[in-house]
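A.B. asks: One structure, pasted below without further comment.
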Amino acid sequence: MLPLAGIRVLDFSTLLPGPLAGLFLTETGAEVIKVERPGIGDEMRTYEPKLGVDGANFVLLNRGKRSVSIDLKASDTIARLTPLIQSADVLIEQFRPGVMQRLGLGFDTLSRINSRLIYCSITGFGQTGASGMPHTPLADIAGGSYPAGINILLALLQRQRTGRGTYLDISMADNLFLLAYWELASGFSTDAWPKAGAALTTGGSPRYRIYRTADGGYLSAGPIEQRFWEVFCRLIKLDESLRDDSRDPDATRRGVAACISAYPTAHWQRVFDGADACCAVVTSLEEAVQDPQVIARNLFARRASSGARAIPALPVPIVEALRDPAITRFAPRLGADRNLVEAET
């Protein structure tokens with residue numbers, strides 16, 4: 001039995017953050033029911049390229065889910081949704097602060113219908129800050145989807161002990177600070193806040209940069225530790241006078257750049273293959289998915305399907321023993337599971 005078998009999730013979210021968090025739950029056994037607006041549904045359905053009738057992005061993010069189509073502004077919405085709310089374990093929404101309350105679907109109202117409901121709101125800046133969304137998929141995924149998934153699972157465990165649900169305020173902006181741990185450590189401890197192009201990890205050191213190769217490719221270098229730096233300098237044949245980068249970092253950076261730009265990407269691939277130098281050739285996404293290591297790990301063995309077509313499913317960060325073993329699962333057609341609402345009302 002999968003970890004979340006028997007868990008029912010009502011997902012009012014669209015586009016990326018909420019749907020990806022819901023995908024984590026689906027892949028571990030939960031029944032995720034998308035609550036979509038009539039006619040259009042999740043905007044991601046309209047995105048290009050298409051896979052069948054829906055956007056390929058939608059298919060990847062909503063593999064294995066179900067869908068009901070309801071006008072949330074209709075007068076009978078609460079009555080129609082009440083049976084689903086009563087049977088739900090988790091609710092996910094990512095409207096701007098206050099929208100669900102205005103629709104009569106806020107946490108206080110729904111917790112009176114179902115005191116065990118775990119209610120997760122994902123926004124750009126939290127329920128008590130300004131509304132909006134950070135303009136980067138990194139914020140959506142690392143600041144939204146991952147924290148939402150983690151906190152939902154923790155809330156389910158807490159509910160086993162207390163018998164009550166809880167409200168989760170997931171702020172993408174709040175959660176991005178975790179990713180800047182290095183810079184925060186420097187700023188808080190020494191008041192030396194990093195500046196672009198000046199700090200160790202922001203381009204100030206020749207040991208942590210991306211260098212251009214002769215044929216327009218790139219080499220990602222991170223030999224910060226001295227033992228790695230010595231190997232790196234030897235392999236690129238950097239002039240001995242430049243290897244002590246503490247004397248003139250800019251001169252060393254220019255020297256490294258000149259060495260790397262003298263040869264094509266394939267040359268550096270051969271040079272660094274198997275070398276302990278914290279350095280790698282930057283590959284394209286197409287090359288990455290065909291990498292022998294990726295293939296050996298069966299990372300893209302599962303399939304996400306829409307109609308007659310199927311593409312490799314997203315490799316969600318869940319170990320095999322805890323993930324749904326089904327090889328192919330379908331994205332839901334808009335409103336295909338309307339019987340869930342009709343039958344339960």
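For the structure tokens, the naming scheme is as follows: chains receive sequential letters (A, B, ...) according to their order of presentation, residues are indexed from 1 within each chain, and ligands are indexed from 1 in presentation order.
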Select from region 61-267 of chain A everything DSSP, run on the backbone, classes as helix (DSSP H, G or I), then give the selection as a VMD selection string.
C.D. replies: chain A and resid 61 77 to 87 99 to 102 107 to 113 137 to 162 172 to 190 200 to 204 226 to 236 240 to 242 249 to 261 265 to 267
A.B. asks: For those residues, write C-alpha atoms to a file as a compact mmCIF listing (two decimals), in the first residue's frame.
C.D. replies:
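Ended up saving to again.txt:
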# COMPACT_ATOMS: atom_id res chain seq x y z
CA LEU A 61 1.74 18.12 -13.94
CA THR A 77 -21.49 25.87 -5.20
CA ILE A 78 -21.17 25.25 -1.47
CA ALA A 79 -24.03 22.75 -1.48
CA ARG A 80 -22.52 20.86 -4.41
CA LEU A 81 -19.05 20.80 -2.88
CA THR A 82 -20.06 20.01 0.70
CA PRO A 83 -19.98 16.20 0.32
CA LEU A 84 -16.52 16.39 -1.24
CA ILE A 85 -15.32 18.75 1.50
CA GLN A 86 -16.67 16.39 4.16
CA SER A 87 -14.75 13.49 2.64
CA VAL A 99 -10.53 35.12 -2.68
CA MET A 100 -11.52 31.78 -1.13
CA GLN A 101 -13.10 33.59 1.83
CA ARG A 102 -15.19 35.73 -0.53
CA PHE A 107 -10.56 27.76 6.15
CA ASP A 108 -12.75 28.89 9.03
CA THR A 109 -15.91 28.05 7.09
CA LEU A 110 -14.73 24.70 5.76
CA SER A 111 -13.21 23.58 9.06
CA ARG A 112 -16.71 23.78 10.53
CA ILE A 113 -17.81 21.33 7.84
CA PRO A 137 9.63 29.15 -11.94
CA LEU A 138 12.32 28.64 -9.27
CA ALA A 139 10.09 30.47 -6.79
CA ASP A 140 7.05 28.48 -7.92
CA ILE A 141 8.75 25.11 -7.49
CA ALA A 142 11.36 25.57 -4.74
CA GLY A 143 9.38 28.17 -2.80
CA GLY A 144 5.88 26.85 -3.45
CA SER A 145 5.48 23.23 -4.55
CA TYR A 146 8.14 21.64 -2.36
CA PRO A 147 7.22 23.43 0.89
CA ALA A 148 3.53 22.77 0.22
CA GLY A 149 4.14 19.04 -0.25
CA ILE A 150 6.35 18.80 2.83
CA ASN A 151 3.97 20.73 5.08
CA ILE A 152 0.92 18.77 3.91
CA LEU A 153 2.65 15.51 4.81
CA LEU A 154 3.68 16.88 8.21
CA ALA A 155 0.13 18.10 8.83
CA LEU A 156 -1.25 14.64 8.01
CA LEU A 157 1.08 13.13 10.60
CA GLN A 158 0.08 15.76 13.16
CA ARG A 159 -3.59 15.03 12.49
CA GLN A 160 -3.03 11.39 13.37
CA ARG A 161 -2.05 12.55 16.86
CA THR A 162 -4.51 15.42 17.40
CA MET A 172 6.93 31.46 -2.04
CA ALA A 173 8.90 34.60 -1.21
CA ASP A 174 9.43 33.50 2.41
CA ASN A 175 10.73 30.11 1.35
CA LEU A 176 13.24 31.46 -1.16
CA PHE A 177 15.44 32.80 1.64
CA LEU A 178 16.37 29.22 2.52
CA LEU A 179 18.09 28.93 -0.87
CA ALA A 180 20.32 31.90 0.00
CA TYR A 181 21.75 30.27 3.13
CA TRP A 182 25.36 31.00 2.11
CA GLU A 183 24.73 34.69 1.53
CA LEU A 184 22.64 34.99 4.72
CA ALA A 185 25.43 33.45 6.77
CA SER A 186 27.86 36.03 5.43
CA GLY A 187 25.51 38.97 5.85
CA PHE A 188 24.25 38.13 9.34
CA SER A 189 27.64 37.15 10.76
CA THR A 190 29.89 39.83 9.30
CA LEU A 200 32.76 33.63 -3.88
CA THR A 201 29.52 32.18 -5.27
CA THR A 202 28.37 35.24 -7.24
CA GLY A 203 31.26 35.54 -9.70
CA GLY A 204 33.97 37.11 -7.57
CA GLN A 226 42.49 23.93 -2.88
CA ARG A 227 42.97 20.25 -3.77
CA PHE A 228 40.36 20.53 -6.53
CA TRP A 229 41.77 23.86 -7.69
CA GLU A 230 45.22 22.37 -8.16
CA VAL A 231 43.83 19.55 -10.30
CA PHE A 232 41.77 22.04 -12.31
CA CYS A 233 44.72 24.34 -12.99
CA ARG A 234 46.91 21.41 -14.04
CA LEU A 235 44.33 20.01 -16.46
CA ILE A 236 43.65 23.33 -18.20
CA GLU A 240 51.98 28.84 -12.90
CA SER A 241 52.07 32.57 -12.16
CA LEU A 242 48.28 32.71 -12.12
CA PRO A 249 41.72 37.17 -8.88
CA ASP A 250 40.82 39.10 -12.03
CA ALA A 251 44.08 38.17 -13.73
CA THR A 252 43.56 34.52 -12.80
CA ARG A 253 39.99 34.64 -14.09
CA ARG A 254 41.15 36.05 -17.42
CA GLY A 255 43.83 33.40 -17.63
CA VAL A 256 41.38 30.58 -16.96
CA ALA A 257 38.93 32.04 -19.49
CA ALA A 258 41.68 32.16 -22.12
CA CYS A 259 42.62 28.52 -21.49
CA ILE A 260 39.02 27.29 -21.70
CA SER A 261 38.16 29.37 -24.77
CA THR A 265 33.54 21.63 -25.60
CA ALA A 266 34.30 18.02 -26.63
CA HIS A 267 37.95 18.55 -25.73
A.B. asks: May I ask for the distance between CA of Thr128 (chain A) and CA of Leu10 (chain A), given in Å to one decimal place?
C.D. replies: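 Distance between the two atoms: 23.5 Å.
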A.B. asks: Determine, counting only C-alpha atoms, which protein, DNA and RNA residues have an atom within 8 Å of an atom of Pro97 (chain A); residues of the same chain fewer than 6 positions away are not included. Present the result as an NGL selection string.
C.D. replies: :A and (123 or 126-128 or 131)
A.B. asks: Figure out the distance between CA of Leu103 (chain A) and CA of Ala331 (chain A), please, to one decimal in Å.
C.D. replies: 27.1 Å
A.B. asks: Any idea what the distance is between CA of Ala74 (chain A) and CA of Gly104 (chain A)?
C.D. replies: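 It comes out at 11.0 Å.
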A.B. asks: List the spatial neighbours of Leu15 (chain A) as a PyMOL selection string - criterion: any atom at most 9 Å away, only C-alpha atoms, same-chain residues fewer than 6 positions off excluded.
C.D. replies: chain A and resi 42-45+57-58+61
A.B. asks: What lies within 6 Å of Ser220 (chain A) using only C-alpha atoms, ignoring chain neighbours under 6 positions off, as number ranges by chain?
C.D. replies: A: 210, 279-280
A.B. asks: Out of A:Lys50, A:Arg297, A:Arg323, A:Arg116, which residue has the shortest atom-to-atom distance to Thr28 (chain A) when counting only C-alpha atoms?
C.D. replies: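 Under the stated criterion, the closest residue is A:Arg323.
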A.B. asks: Excluding Ala5 (chain A) and residues on its chain fewer than 6 positions from it, collect all residues at most 12 Å away from it, counting only C-alpha atoms, and give them as a list in words.
C.D. replies: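 So the residues in contact are Leu25, Thr26, Glu27, Thr28, Gly29, Ala30, Glu31, Val32, Asp89, Leu322, Arg323 and Asp324 of chain A.
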A.B. asks: Restricting the output to N, CA and C atoms, write the selected residues as an mmCIF file, in the first residue's frame.
C.D. replies:
data_model
loop_
_atom_site.group_PDB
_atom_site.id
_atom_site.type_symbol
_atom_site.label_atom_id
_atom_site.label_comp_id
_atom_site.auth_asym_id
_atom_site.auth_seq_id
_atom_site.Cartn_x
_atom_site.Cartn_y
_atom_site.Cartn_z
ATOM 1 N N LEU A 25 1.603 14.243 -4.256
ATOM 2 C CA LEU A 25 0.634 13.484 -3.462
ATOM 3 C C LEU A 25 0.003 12.369 -4.293
ATOM 4 N N THR A 26 -0.300 12.654 -5.552
ATOM 5 C CA THR A 26 -0.858 11.638 -6.443
ATOM 6 C C THR A 26 0.087 10.452 -6.593
ATOM 7 N N GLU A 27 1.358 10.770 -6.785
ATOM 8 C CA GLU A 27 2.350 9.720 -7.026
ATOM 9 C C GLU A 27 2.581 8.844 -5.796
ATOM 10 N N THR A 28 2.146 9.301 -4.629
ATOM 11 C CA THR A 28 2.302 8.494 -3.421
ATOM 12 C C THR A 28 0.969 7.907 -2.959
ATOM 13 N N GLY A 29 -0.011 7.885 -3.863
ATOM 14 C CA GLY A 29 -1.231 7.145 -3.594
ATOM 15 C C GLY A 29 -2.474 7.940 -3.314
ATOM 16 N N ALA A 30 -2.359 9.259 -3.160
ATOM 17 C CA ALA A 30 -3.547 10.062 -2.854
ATOM 18 C C ALA A 30 -4.448 10.193 -4.075
ATOM 19 N N GLU A 31 -5.737 10.364 -3.816
ATOM 20 C CA GLU A 31 -6.701 10.689 -4.868
ATOM 21 C C GLU A 31 -6.795 12.208 -4.930
ATOM 22 N N VAL A 32 -6.283 12.789 -6.010
ATOM 23 C CA VAL A 32 -6.294 14.237 -6.161
ATOM 24 C C VAL A 32 -7.368 14.620 -7.167
ATOM 25 N N ASP A 89 -9.371 15.102 2.849
ATOM 26 C CA ASP A 89 -8.334 15.191 3.868
ATOM 27 C C ASP A 89 -7.524 16.466 3.717
ATOM 28 N N LEU A 322 7.947 4.207 -2.484
ATOM 29 C CA LEU A 322 6.824 4.995 -1.987
ATOM 30 C C LEU A 322 5.973 5.576 -3.115
ATOM 31 N N ARG A 323 6.311 5.248 -4.358
ATOM 32 C CA ARG A 323 5.659 5.869 -5.508
ATOM 33 C C ARG A 323 4.730 4.900 -6.220
ATOM 34 N N ASP A 324 3.661 5.424 -6.784
ATOM 35 C CA ASP A 324 2.721 4.614 -7.553
ATOM 36 C C ASP A 324 3.491 3.881 -8.652
#
A.B. asks: Can you pull out the residues contacting region 306-308 of chain A? Cut-off 8 Å, using only C-alpha atoms, and skip same-chain residues under 5 positions away; I want them as a PyMOL selection string.
C.D. replies: chain A and resi 51-54+59+330-331
A.B. asks: Would you please extract all strand (DSSP E or B) residues from region 62-137 of chain A, as assigned by DSSP on the backbone, and give them as a PyMOL selection string?
C.D. replies: chain A and resi 66-69+90-93+118-123
A.B. asks: Give the answer as one residue: which of A:Lys237, A:Arg207, A:Arg303, A:Lys34 has the shortest atom-to-atom distance to Glu93 (chain A), using only C-alpha atoms?
C.D. replies: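 Closest to Glu93 (chain A), using only C-alpha atoms: A:Lys34.
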A.B. asks: Using only C-alpha atoms, pick whichever of A:Val341, A:Ala301, A:Ala288, A:Cys120 has the shortest atom-to-atom distance to Pro325 (chain A).
C.D. replies: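 For Pro325 (chain A), the nearest of the given residues is A:Ala301.
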